[in-house]
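Have a look at final_21.cif; it's mmCIF, C-alpha atoms:
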```cif
data_target
#
loop_
_atom_site.group_PDB
_atom_site.id
_atom_site.type_symbol
_atom_site.label_atom_id
_atom_site.label_comp_id
_atom_site.auth_asym_id
_atom_site.auth_seq_id
_atom_site.Cartn_x
_atom_site.Cartn_y
_atom_site.Cartn_z
ATOM 1 C CA MET H 24 9.613 11.932 14.676
ATOM 2 C CA VAL H 25 10.094 12.153 18.437
ATOM 3 C CA LYS H 26 13.352 12.997 20.205
ATOM 4 C CA TYR H 27 14.220 13.533 23.854
ATOM 5 C CA TRP H 28 16.691 16.236 24.903
ATOM 6 C CA LYS H 29 18.149 17.291 28.221
ATOM 7 C CA THR H 30 20.726 19.843 29.328
ATOM 8 C CA ASP H 31 23.524 19.129 31.792
ATOM 9 C CA ASP H 32 26.229 21.701 32.550
ATOM 10 C CA ARG H 33 24.671 23.991 29.892
ATOM 11 C CA LEU H 34 25.210 21.395 27.181
ATOM 12 C CA ILE H 35 22.346 19.620 25.490
ATOM 13 C CA HIS H 36 22.381 15.908 24.753
ATOM 14 C CA GLU H 37 19.875 13.382 23.543
ATOM 15 C CA GLU H 38 18.062 11.046 25.918
ATOM 16 C CA VAL H 39 16.487 7.704 25.118
ATOM 17 C CA TRP H 40 13.466 7.983 27.383
ATOM 18 C CA VAL H 41 11.213 10.447 29.164
ATOM 19 C CA ASN H 42 12.420 11.547 32.575
ATOM 20 C CA ASN H 43 12.373 14.674 34.725
ATOM 21 C CA GLY H 44 13.607 17.812 33.034
ATOM 22 C CA VAL H 45 13.412 16.375 29.523
ATOM 23 C CA TRP H 46 12.405 18.305 26.435
ATOM 24 C CA VAL H 47 10.294 16.139 24.128
ATOM 25 C CA GLN H 48 10.661 17.405 20.560
ATOM 26 C CA MET H 49 7.986 16.156 18.162
ATOM 27 C CA ILE H 50 8.398 16.965 14.457
ATOM 28 C CA ASN H 51 5.350 16.081 12.346
ATOM 29 C CA PRO H 52 4.551 13.103 14.601
ATOM 30 C CA THR H 53 2.272 10.275 13.593
ATOM 31 C CA VAL H 54 -0.921 9.514 15.487
ATOM 32 C CA ALA H 55 0.803 6.517 17.068
ATOM 33 C CA GLU H 56 3.697 8.678 18.308
ATOM 34 C CA GLY H 57 1.248 11.237 19.624
ATOM 35 C CA GLN H 58 -0.731 8.548 21.428
ATOM 36 C CA GLU H 59 2.463 7.185 23.015
ATOM 37 C CA ILE H 60 3.525 10.597 24.371
ATOM 38 C CA ALA H 61 -0.025 11.346 25.526
ATOM 39 C CA GLU H 62 -0.094 8.144 27.562
ATOM 40 C CA LYS H 63 3.370 8.668 29.039
ATOM 41 C CA LEU H 64 2.681 12.228 30.159
ATOM 42 C CA ASN H 65 -1.030 11.812 30.873
ATOM 43 C CA VAL H 66 -1.977 14.427 28.287
ATOM 44 C CA ASP H 67 -5.003 14.554 25.981
ATOM 45 C CA ILE H 68 -4.092 13.238 22.516
ATOM 46 C CA GLU H 69 -5.994 16.106 20.876
ATOM 47 C CA ASP H 70 -3.802 18.629 22.675
ATOM 48 C CA VAL H 71 -0.647 16.777 21.647
ATOM 49 C CA LEU H 72 -1.617 16.833 17.964
ATOM 50 C CA ALA H 73 -3.318 20.248 17.963
ATOM 51 C CA ALA H 74 -0.316 21.948 16.331
ATOM 52 C CA LEU H 75 -0.582 19.661 13.294
ATOM 53 C CA ASP H 76 -3.738 21.499 12.203
ATOM 54 C CA GLU H 77 -2.635 24.536 10.178
ATOM 55 C CA GLU H 78 -5.924 26.283 10.957
ATOM 56 C CA GLU H 79 -5.383 26.211 14.726
ATOM 57 C CA SER H 80 -5.257 29.690 16.235
ATOM 58 C CA SER H 81 -2.863 30.868 18.939
ATOM 59 C CA ARG H 82 -4.178 30.282 22.439
ATOM 60 C CA ILE H 83 -3.282 29.086 25.910
ATOM 61 C CA GLU H 84 -5.311 26.444 27.743
ATOM 62 C CA MET H 85 -4.802 25.190 31.289
ATOM 63 C CA GLN H 86 -5.825 21.575 31.777
ATOM 64 C CA ASP H 87 -5.522 19.249 34.768
ATOM 65 C CA GLY H 88 -1.821 18.684 35.266
ATOM 66 C CA TYR H 89 -0.547 20.483 32.171
ATOM 67 C CA THR H 90 -0.768 23.661 30.099
ATOM 68 C CA LEU H 91 -1.126 23.907 26.313
ATOM 69 C CA ILE H 92 0.355 26.919 24.524
ATOM 70 C CA LEU H 93 -0.222 27.371 20.801
ATOM 71 C CA VAL H 94 1.572 30.126 18.896
ATOM 72 C CA ASP H 95 2.144 30.867 15.224
ATOM 73 C CA ILE H 96 5.678 30.857 13.836
ATOM 74 C CA PRO H 97 6.922 32.019 10.412
ATOM 75 C CA THR H 98 8.110 29.495 7.882
ATOM 76 C CA ILE H 99 8.948 29.245 4.185
ATOM 77 C CA GLU H 100 6.753 27.522 1.629
ATOM 78 C CA ILE H 101 7.019 27.103 -2.133
ATOM 79 C CA ARG H 102 4.327 29.108 -3.908
ATOM 80 C CA HIS H 103 4.293 29.476 -7.739
ATOM 81 C CA ASP H 104 7.794 27.935 -7.855
ATOM 82 C CA LYS H 105 9.092 30.664 -5.526
ATOM 83 C CA GLU H 106 9.872 30.839 -1.836
ATOM 84 C CA SER H 107 7.170 32.631 0.133
ATOM 85 C CA TYR H 108 6.525 33.149 3.817
ATOM 86 C CA THR H 109 3.584 31.848 5.772
ATOM 87 C CA THR H 110 2.819 30.878 9.377
ATOM 88 C CA ILE H 111 2.276 27.506 11.026
ATOM 89 C CA PRO H 112 1.308 26.550 14.599
ATOM 90 C CA LEU H 113 3.852 25.541 17.215
ATOM 91 C CA GLY H 114 2.486 23.652 20.195
ATOM 92 C CA ILE H 115 4.128 23.790 23.631
ATOM 93 C CA ILE H 116 2.900 21.535 26.414
ATOM 94 C CA LEU H 117 4.078 22.211 29.958
ATOM 95 C CA THR H 118 3.738 19.432 32.515
ATOM 96 C CA GLN H 119 5.073 19.447 36.030
ATOM 97 C CA ASP H 120 8.363 17.821 35.018
ATOM 98 C CA GLU H 121 8.603 17.905 31.211
ATOM 99 C CA ILE H 122 8.122 20.234 28.267
ATOM 100 C CA VAL H 123 6.853 19.097 24.869
ATOM 101 C CA THR H 124 7.094 20.968 21.554
ATOM 102 C CA VAL H 125 5.055 19.902 18.538
ATOM 103 C CA CYS H 126 5.421 21.285 15.021
ATOM 104 C CA THR H 127 4.950 20.067 11.477
ATOM 105 C CA GLU H 128 8.464 21.248 10.516
ATOM 106 C CA ASP H 129 11.961 21.321 11.973
ATOM 107 C CA THR H 130 11.812 25.054 12.593
ATOM 108 C CA PRO H 131 14.955 27.208 13.053
ATOM 109 C CA VAL H 132 13.349 28.531 16.237
ATOM 110 C CA LEU H 133 14.147 25.255 17.978
ATOM 111 C CA GLN H 134 17.337 24.539 16.028
ATOM 112 C CA ALA H 135 18.992 27.406 17.881
ATOM 113 C CA PHE H 136 18.548 25.517 21.165
ATOM 114 C CA LEU H 137 19.883 22.261 19.743
ATOM 115 C CA ASN H 138 22.978 24.080 18.453
ATOM 116 C CA ASN H 139 23.681 25.666 21.864
ATOM 117 C CA ARG H 140 23.213 29.187 20.509
ATOM 118 C CA VAL H 141 20.911 30.336 23.307
ATOM 119 C CA LYS H 142 22.462 31.625 26.513
ATOM 120 C CA GLU H 143 21.311 30.304 29.886
ATOM 121 C CA PHE H 144 19.235 27.602 28.248
ATOM 122 C CA SER H 145 18.122 24.715 30.413
ATOM 123 C CA THR H 146 15.415 22.146 29.802
ATOM 124 C CA LYS H 147 14.837 22.019 33.551
ATOM 125 C CA LYS H 148 13.763 25.669 33.724
ATOM 126 C CA LYS H 149 10.643 25.066 31.689
ATOM 127 C CA LEU H 150 8.977 28.465 31.909
ATOM 128 C CA ARG H 151 12.184 30.266 30.988
ATOM 129 C CA PHE H 152 12.557 27.814 28.109
ATOM 130 C CA VAL H 153 9.069 28.793 26.905
ATOM 131 C CA TYR H 154 9.925 32.495 27.084
ATOM 132 C CA GLN H 155 13.169 31.867 25.206
ATOM 133 C CA ILE H 156 11.223 30.065 22.474
ATOM 134 C CA LEU H 157 8.775 32.953 22.235
ATOM 135 C CA TYR H 158 11.668 35.422 22.091
ATOM 136 C CA ARG H 159 13.250 33.475 19.221
ATOM 137 C CA ILE H 160 9.884 33.459 17.423
ATOM 138 C CA SER H 161 9.610 37.255 17.644
ATOM 139 C CA ALA H 162 13.209 37.609 16.448
ATOM 140 C CA LEU H 163 12.493 35.289 13.505
ATOM 141 C CA TYR H 164 9.443 37.363 12.559
ATOM 142 C CA GLN H 165 11.581 40.503 12.521
ATOM 143 C CA SER H 166 14.286 38.804 10.453
ATOM 144 C CA ASP H 167 11.743 37.596 7.883
ATOM 145 C CA LEU H 168 10.126 41.036 7.786
ATOM 146 C CA ARG H 169 13.485 42.581 6.873
ATOM 147 C CA VAL H 170 13.866 40.045 4.061
ATOM 148 C CA ILE H 171 10.371 40.935 2.817
ATOM 149 C CA ASP H 172 11.237 44.629 2.861
ATOM 150 C CA LYS H 173 14.437 43.884 0.933
ATOM 151 C CA LYS H 174 12.396 42.095 -1.745
ATOM 152 C CA ARG H 175 10.066 45.092 -1.857
ATOM 153 C CA THR H 176 13.056 47.394 -2.325
ATOM 154 C CA GLU H 177 14.356 45.294 -5.226
ATOM 155 C CA ILE H 178 10.967 45.566 -6.935
ATOM 156 C CA GLU H 179 10.817 49.311 -6.264
ATOM 157 C CA GLU H 180 14.214 49.818 -7.902
ATOM 158 C CA ARG H 181 12.784 48.379 -11.129
ATOM 159 C CA VAL H 182 9.957 50.922 -11.229
ATOM 160 C CA GLY H 183 10.160 52.667 -14.600
ATOM 161 C CA GLU H 184 11.075 51.113 -17.911
ATOM 162 C CA ASP H 185 11.596 47.632 -16.426
ATOM 163 C CA THR H 186 8.298 47.516 -14.530
ATOM 164 C CA GLU H 187 6.226 44.473 -15.444
ATOM 165 C CA ASP H 188 2.923 42.960 -14.364
ATOM 166 C CA VAL H 189 4.830 40.206 -12.574
ATOM 167 C CA ASP H 190 6.169 42.827 -10.162
ATOM 168 C CA LEU H 191 2.624 43.778 -9.194
ATOM 169 C CA ILE H 192 1.860 40.110 -8.533
ATOM 170 C CA ALA H 193 5.009 39.804 -6.397
ATOM 171 C CA LEU H 194 3.997 42.867 -4.386
ATOM 172 C CA HIS H 195 0.550 41.383 -3.844
ATOM 173 C CA GLU H 196 2.113 38.181 -2.511
ATOM 174 C CA LEU H 197 4.319 40.176 -0.126
ATOM 175 C CA GLU H 198 1.286 42.108 1.059
ATOM 176 C CA SER H 199 -0.622 38.848 1.644
ATOM 177 C CA THR H 200 2.312 37.539 3.684
ATOM 178 C CA LEU H 201 2.251 40.658 5.845
ATOM 179 C CA VAL H 202 -1.468 40.117 6.471
ATOM 180 C CA TYR H 203 -0.708 36.593 7.735
ATOM 181 C CA PHE H 204 2.114 37.923 9.879
ATOM 182 C CA ALA H 205 -0.013 40.709 11.367
ATOM 183 C CA THR H 206 -2.815 38.285 12.268
ATOM 184 C CA SER H 207 -0.425 35.772 13.841
ATOM 185 C CA LEU H 208 1.525 38.407 15.777
ATOM 186 C CA ARG H 209 -1.632 39.876 17.263
ATOM 187 C CA ALA H 210 -2.793 36.408 18.311
ATOM 188 C CA ASN H 211 0.630 35.698 19.817
ATOM 189 C CA GLY H 212 0.340 38.975 21.709
ATOM 190 C CA VAL H 213 -2.845 37.728 23.385
ATOM 191 C CA VAL H 214 -0.995 34.583 24.498
ATOM 192 C CA LEU H 215 1.856 36.690 25.909
ATOM 193 C CA ASP H 216 -0.626 38.832 27.804
ATOM 194 C CA ARG H 217 -2.095 35.732 29.431
ATOM 195 C CA LEU H 218 1.361 34.454 30.307
ATOM 196 C CA THR H 219 1.967 37.580 32.392
ATOM 197 C CA ARG H 220 -0.722 36.243 34.743
ATOM 198 C CA TYR H 221 0.486 32.629 34.633
ATOM 199 C CA LYS H 222 0.919 31.279 38.187
ATOM 200 C CA ARG H 223 0.952 27.521 37.722
ATOM 201 C CA LEU H 224 4.746 27.233 37.533
ATOM 202 C CA GLU H 225 7.285 29.219 39.533
ATOM 203 C CA GLN H 226 8.637 32.310 37.817
ATOM 204 C CA TYR H 227 11.962 33.863 38.732
ATOM 205 C CA PRO H 228 12.570 37.620 38.429
ATOM 206 C CA GLU H 229 14.792 36.926 35.398
ATOM 207 C CA ASP H 230 11.907 35.060 33.786
ATOM 208 C CA LYS H 231 9.575 38.031 34.187
ATOM 209 C CA GLU H 232 12.168 40.341 32.668
ATOM 210 C CA LEU H 233 12.557 37.947 29.740
ATOM 211 C CA LEU H 234 8.787 37.852 29.250
ATOM 212 C CA GLY H 235 8.788 41.645 29.198
ATOM 213 C CA ASP H 236 11.459 41.573 26.498
ATOM 214 C CA VAL H 237 9.368 39.094 24.488
ATOM 215 C CA ILE H 238 6.320 41.381 24.690
ATOM 216 C CA VAL H 239 8.412 44.340 23.507
ATOM 217 C CA GLU H 240 9.865 42.353 20.600
ATOM 218 C CA ASN H 241 6.416 41.107 19.593
ATOM 219 C CA LYS H 242 5.024 44.653 19.608
ATOM 220 C CA GLN H 243 7.990 45.808 17.548
ATOM 221 C CA ALA H 244 7.316 43.048 15.008
ATOM 222 C CA ILE H 245 3.659 44.147 14.824
ATOM 223 C CA GLU H 246 4.741 47.739 14.235
ATOM 224 C CA MET H 247 7.231 46.667 11.548
ATOM 225 C CA THR H 248 4.491 44.679 9.816
ATOM 226 C CA SER H 249 2.178 47.691 9.807
ATOM 227 C CA ILE H 250 4.892 50.004 8.453
ATOM 228 C CA TYR H 251 5.947 47.592 5.710
ATOM 229 C CA ARG H 252 2.312 47.088 4.660
ATOM 230 C CA ASP H 253 1.876 50.843 4.266
ATOM 231 C CA ILE H 254 5.116 51.072 2.262
ATOM 232 C CA ILE H 255 4.074 48.186 -0.003
ATOM 233 C CA ASN H 256 0.706 49.865 -0.589
ATOM 234 C CA GLY H 257 2.535 53.012 -1.647
ATOM 235 C CA THR H 258 4.892 51.070 -3.899
ATOM 236 C CA ARG H 259 2.006 49.209 -5.510
ATOM 237 C CA GLU H 260 0.147 52.458 -6.197
ATOM 238 C CA LEU H 261 3.324 53.942 -7.666
ATOM 239 C CA MET H 262 3.797 50.961 -9.981
ATOM 240 C CA SER H 263 0.151 51.080 -11.058
ATOM 241 C CA SER H 264 0.543 54.773 -11.845
ATOM 242 C CA VAL H 265 3.722 54.109 -13.848
ATOM 243 C CA ILE H 266 2.041 51.357 -15.872
ATOM 244 C CA ASP H 267 -1.050 53.531 -16.468
ATOM 245 C CA ASN H 268 1.157 56.463 -17.500
ATOM 246 C CA ARG H 269 3.055 54.216 -19.896
ATOM 247 C CA LEU H 270 -0.235 53.083 -21.418
ATOM 248 C CA ASN H 271 -1.370 56.704 -21.764
ATOM 249 C CA ASN H 272 1.851 57.584 -23.591
ATOM 250 C CA VAL H 273 1.345 54.703 -25.999
ATOM 251 C CA MET H 274 -2.249 55.782 -26.630
ATOM 252 C CA LYS H 275 -1.143 59.385 -27.266
ATOM 253 C CA TYR H 276 1.500 58.192 -29.712
ATOM 254 C CA LEU H 277 -0.949 55.973 -31.585
ATOM 255 C CA THR H 278 -3.534 58.754 -31.654
ATOM 256 C CA SER H 279 -0.992 61.171 -33.116
ATOM 257 C CA ILE H 280 0.098 58.695 -35.776
ATOM 258 C CA THR H 281 -3.543 58.028 -36.652
ATOM 259 C CA LEU H 282 -4.191 61.773 -36.984
ATOM 260 C CA VAL H 283 -1.205 62.273 -39.295
ATOM 261 C CA MET H 284 -2.075 59.237 -41.419
ATOM 262 C CA ALA H 285 -5.669 60.424 -41.745
ATOM 263 C CA ILE H 286 -4.624 63.485 -43.788
ATOM 264 C CA PRO H 287 -3.384 61.646 -46.934
ATOM 265 C CA THR H 288 -6.289 59.219 -46.579
ATOM 266 C CA ILE H 289 -8.837 62.024 -46.636
ATOM 267 C CA ILE H 290 -7.219 63.856 -49.552
ATOM 268 C CA SER H 291 -6.810 60.692 -51.626
ATOM 269 C CA GLY H 292 -10.415 59.831 -50.864
ATOM 270 C CA ILE H 293 -11.618 63.211 -52.133
ATOM 271 C CA TYR H 294 -9.619 62.861 -55.335
ATOM 272 C CA GLY H 295 -10.973 59.372 -55.740
ATOM 273 C CA MET H 296 -14.572 60.588 -56.052
ATOM 274 C CA ASN H 297 -16.182 60.222 -59.444
ATOM 275 C CA VAL H 298 -16.754 63.948 -60.273
ATOM 276 C CA ALA H 299 -15.884 66.218 -63.188
ATOM 277 C CA ALA H 300 -12.177 66.901 -63.526
ATOM 278 C CA GLU H 301 -12.633 70.706 -63.801
ATOM 279 C CA TRP H 302 -13.821 70.800 -60.224
ATOM 280 C CA MET H 303 -10.708 69.042 -58.865
ATOM 281 C CA PRO H 304 -7.686 71.289 -58.145
ATOM 282 C CA PHE H 305 -4.562 70.448 -60.154
ATOM 283 C CA ALA H 306 -6.537 67.854 -62.116
ATOM 284 C CA LYS H 307 -5.353 69.269 -65.472
ATOM 285 C CA THR H 308 -2.128 70.831 -64.198
ATOM 286 C CA PRO H 309 1.152 69.315 -65.375
ATOM 287 C CA HIS H 310 2.774 67.358 -62.538
ATOM 288 C CA GLY H 311 -0.467 67.753 -60.546
ATOM 289 C CA PHE H 312 -0.027 64.428 -58.790
ATOM 290 C CA LEU H 313 3.424 65.450 -57.603
ATOM 291 C CA ILE H 314 2.145 68.826 -56.389
ATOM 292 C CA ILE H 315 -0.647 67.161 -54.406
ATOM 293 C CA CYS H 316 1.835 64.688 -52.808
ATOM 294 C CA VAL H 317 4.112 67.599 -51.832
ATOM 295 C CA LEU H 318 1.164 69.476 -50.306
ATOM 296 C CA ILE H 319 0.149 66.354 -48.356
ATOM 297 C CA LEU H 320 3.706 66.010 -47.090
ATOM 298 C CA ILE H 321 3.819 69.678 -46.022
ATOM 299 C CA VAL H 322 0.493 69.399 -44.169
ATOM 300 C CA CYS H 323 1.682 66.208 -42.399
ATOM 301 C CA LEU H 324 4.920 67.915 -41.350
ATOM 302 C CA ILE H 325 2.978 70.893 -39.968
ATOM 303 C CA ILE H 326 0.710 68.582 -37.986
ATOM 304 C CA LEU H 327 3.735 66.681 -36.660
ATOM 305 C CA PHE H 328 5.366 69.953 -35.613
ATOM 306 C CA ILE H 329 2.207 71.054 -33.790
ATOM 307 C CA LEU H 330 1.834 67.674 -32.034
ATOM 308 C CA ARG H 331 5.473 67.675 -31.007
ATOM 309 C CA LYS H 332 5.200 71.192 -29.641
ATOM 310 C CA LYS H 333 2.210 70.110 -27.571
ATOM 311 C CA LYS H 334 4.245 67.081 -26.387
ATOM 312 C CA MET H 335 1.905 64.617 -28.021
ATOM 313 C CA LEU H 336 4.896 62.806 -29.537
#
```

Take the structure I supplied and represent it as C-alpha cells, if you would.
Amino acid sequence: MVKYWKTDDRLIHEEVWVNNGVWVQMINPTVAEGQEIAEKLNVDIEDVLAALDEEESSRIEMQDGYTLILVDIPTIEIRHDKESYTTIPLGIILTQDEIVTVCTEDTPVLQAFLNNRVKEFSTKKKLRFVYQILYRISALYQSDLRVIDKKRTEIEERVGEDTEDVDLIALHELESTLVYFATSLRANGVVLDRLTRYKRLEQYPEDKELLGDVIVENKQAIEMTSIYRDIINGTRELMSSVIDNRLNNVMKYLTSITLVMAIPTIISGIYGMNVAAEWMPFAKTPHGFLIICVLILIVCLIILFILRKKKML
C-alpha cells in the first residue's frame, strides 16, 4: 500500500500524487508499487524494498541524489499464542524534495504523525521529520521495555508456591527479546552517530538539538535494556533456586518416609526367616505378635521424632 501525505498549516492531509514536500508512506508494498516509486523518484528499486527484508541491519547509505536510512523499530508478534516483542526494519529515503518511509507494518511510530500528535511536524522539513521519527522510535523502545519489566515483575510475584516451569520459559522469552532490543539499539546508535556528520541537507539549530535528544533517548533505552537483562537474569536464577529447593524438600520427605517404612519391613523380614522358634524373641510369648507390632510402632515414632527435630520432615 502506498499513500502520499503533505502538511499545510501544521495539518496533514492526503495527496493523490508525488510532488514537492510530500511524504510517501509505503506499508508492505508490492514489487510493482516499489518499482513505480523507484521510477518516479529516480531511486534504486533495491533500496526502496530493502526494509522488507527482516534480516537487513541498520545502516545509512548515501547514493547519487538520495540517502537511504535503515533503522530497527520494535513491534509485536504472536509467538506460542502469546504477544511477544521483536524488531523489524524501517526504511527512510531522503531525496531532494520528498521523503519515503517503507515498512512491512503500519507501525505506531508513524501513526503518531498521521494523527497530528507530533509538535512542529512538517513534511517539508525532511531532516527534522527524520529526527522526529527516530525520537519516536526511541520512545517506543522505552515504552515496550517498561511493559517487559512489568511482565517480569508479575512473574517475580509468583515466585514461591505458584512458581511453574512455564514462568521460566516466559522469562527466557523476555530475555531473548531484550537481546534483540540491545542489538537493534546499538545498530541504531551507529546510524545516529553518522547523522551527526550528515551535510547533504540543510540542518537548522533546532534540528541539531533534536538529534542530540534522540541520541540521549537511544542511549537511555540501551541502558534500560542492560539493566532489565541483569534483573531478569537474577529473577531467573531465583526461580531456578526455588524450584531446586522445592525438589530437595520433596526428596527429603520421600527419603524420610522410606526410612520409617523400612523399619517394619526389616523386622517382618527377620521374623519371616525359616529358623527355630526358640531363637525368635516373643515367638512363644502370649500376644507376641501384638507386642512386636507395638515395638515397631514405638521405634517408628522415635525415628519420626528424630527426623522432625532435624527438620527432615

When the PyMOL selection byres ((chain H and resi 25) around 7) is applied to the structure above, which residues does it catch, written out as a VMD selection string?
chain H and resid 24 26 to 27 47 to 50 52

Where does the PyMOL selection byres ((chain H and resi 193) around 12) land in this file, that is, which residues does it pick, as a PyMOL selection string?
chain H and resi 102-103+105-107+171+174-179+186-192+194-200+255+258-259+262

Restricted to C-alpha atoms, what would the selected residues look like written as a compact mmCIF listing (two decimals), in the coordinates of the input?
```
# COMPACT_ATOMS: atom_id res chain seq x y z
CA ARG H 102 4.33 29.11 -3.91
CA HIS H 103 4.29 29.48 -7.74
CA LYS H 105 9.09 30.66 -5.53
CA GLU H 106 9.87 30.84 -1.84
CA SER H 107 7.17 32.63 0.13
CA ILE H 171 10.37 40.94 2.82
CA LYS H 174 12.40 42.10 -1.74
CA ARG H 175 10.07 45.09 -1.86
CA THR H 176 13.06 47.39 -2.33
CA GLU H 177 14.36 45.29 -5.23
CA ILE H 178 10.97 45.57 -6.94
CA GLU H 179 10.82 49.31 -6.26
CA THR H 186 8.30 47.52 -14.53
CA GLU H 187 6.23 44.47 -15.44
CA ASP H 188 2.92 42.96 -14.36
CA VAL H 189 4.83 40.21 -12.57
CA ASP H 190 6.17 42.83 -10.16
CA LEU H 191 2.62 43.78 -9.19
CA ILE H 192 1.86 40.11 -8.53
CA LEU H 194 4.00 42.87 -4.39
CA HIS H 195 0.55 41.38 -3.84
CA GLU H 196 2.11 38.18 -2.51
CA LEU H 197 4.32 40.18 -0.13
CA GLU H 198 1.29 42.11 1.06
CA SER H 199 -0.62 38.85 1.64
CA THR H 200 2.31 37.54 3.68
CA ILE H 255 4.07 48.19 0.00
CA THR H 258 4.89 51.07 -3.90
CA ARG H 259 2.01 49.21 -5.51
CA MET H 262 3.80 50.96 -9.98
```

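Straight-line separation from CA of Met85 (chain H) to CA of Asn211 (chain H): 16.5 Å.
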
Once the PyMOL selection byres ((chain H and resi 288-294) around 12) is applied to the coordinates I shared, what remains selected? I want it as a list of chain:residue names.
H:Thr281, H:Leu282, H:Val283, H:Met284, H:Ala285, H:Ile286, H:Pro287, H:Gly295, H:Met296, H:Asn297, H:Val298, H:Ala299, H:Ala300, H:Glu301, H:Trp302, H:Met303, H:Pro304, H:Phe305, H:Ala306, H:Gly311, H:Phe312, H:Ile315, H:Cys316, H:Leu318, H:Ile319, H:Leu320, H:Val322, H:Cys323

CA of Arg33 (chain H) and CA of Phe144 (chain H), how far apart in Å?
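That distance, rounded to one decimal, is 6.7 Å.
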
As a check of understanding: the span from CA of Ala55 (chain H) to CA of Leu137 (chain H) is 24.9 Å

Taking only C-alpha atoms into account, which of H:Glu77, H:Lys242, H:Glu260, H:Arg252 comes nearest Val202 (chain H)?
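The answer is H:Arg252, which sits nearest to Val202 (chain H).
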
Residues near Ala162 (chain H), anyone? I mean within 9 Å using all atoms listed in the file, not counting same-chain ones fewer than 3 positions away, as an MDAnalysis selection string.
chainID H and resid 157:159 165:167 240:241 244

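Neighbours of Val45 (chain H) closer than or equal to 6 Å, with all atoms listed in the file counted and sequence neighbours fewer than 6 positions away skipped, come out as Trp28, Lys29 and Glu121 of chain H.
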
Compile the contact shell of region 214-220 of chain H as a ChimeraX atom specification: residues with an atom at most 7 Å away, counting all atoms listed in the file, same-chain residues fewer than 4 positions apart removed.
/H:81-83,210,238

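Each of H:Ser249, H:Thr30, H:Thr146, H:Asn139 was checked against Leu168 (chain H) using only C-alpha atoms; the smallest atom-to-atom distance is that of H:Ser249.
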
Provide region 154-188 of chain H of the preceding structure as a file containing C-alpha atoms, as a short mmCIF file (atom, residue, chain, number, x, y, z; two decimals), in the first residue's frame.
```cif
data_model
loop_
_atom_site.label_atom_id
_atom_site.label_comp_id
_atom_site.auth_asym_id
_atom_site.auth_seq_id
_atom_site.Cartn_x
_atom_site.Cartn_y
_atom_site.Cartn_z
CA TYR H 154 14.84 13.09 13.61
CA GLN H 155 11.26 13.14 14.88
CA ILE H 156 10.76 9.60 13.57
CA LEU H 157 13.95 8.46 15.28
CA TYR H 158 12.86 10.16 18.51
CA ARG H 159 9.51 8.34 18.39
CA ILE H 160 11.36 5.05 17.79
CA SER H 161 13.50 5.55 20.91
CA ALA H 162 10.40 6.48 22.92
CA LEU H 163 8.61 3.35 21.68
CA TYR H 164 11.58 1.20 22.71
CA GLN H 165 11.44 2.67 26.21
CA SER H 166 7.67 2.14 26.43
CA ASP H 167 7.99 -1.50 25.36
CA LEU H 168 10.86 -2.02 27.80
CA ARG H 169 8.64 -0.83 30.66
CA VAL H 170 5.96 -3.31 29.58
CA ILE H 171 8.57 -6.09 29.53
CA ASP H 172 9.71 -5.15 33.02
CA LYS H 173 6.09 -5.18 34.19
CA LYS H 174 5.69 -8.72 32.85
CA ARG H 175 8.89 -9.68 34.65
CA THR H 176 7.51 -8.22 37.87
CA GLU H 177 4.29 -10.23 37.53
CA ILE H 178 6.33 -13.42 37.15
CA GLU H 179 8.54 -12.48 40.10
CA GLU H 180 5.49 -12.01 42.33
CA ARG H 181 4.56 -15.66 41.69
CA VAL H 182 7.93 -16.92 42.92
CA GLY H 183 7.23 -19.44 45.68
CA GLU H 184 4.40 -21.93 45.81
CA ASP H 185 2.93 -20.83 42.47
CA THR H 186 6.20 -20.98 40.52
CA GLU H 187 5.95 -23.21 37.46
CA ASP H 188 8.21 -24.22 34.59
#
```
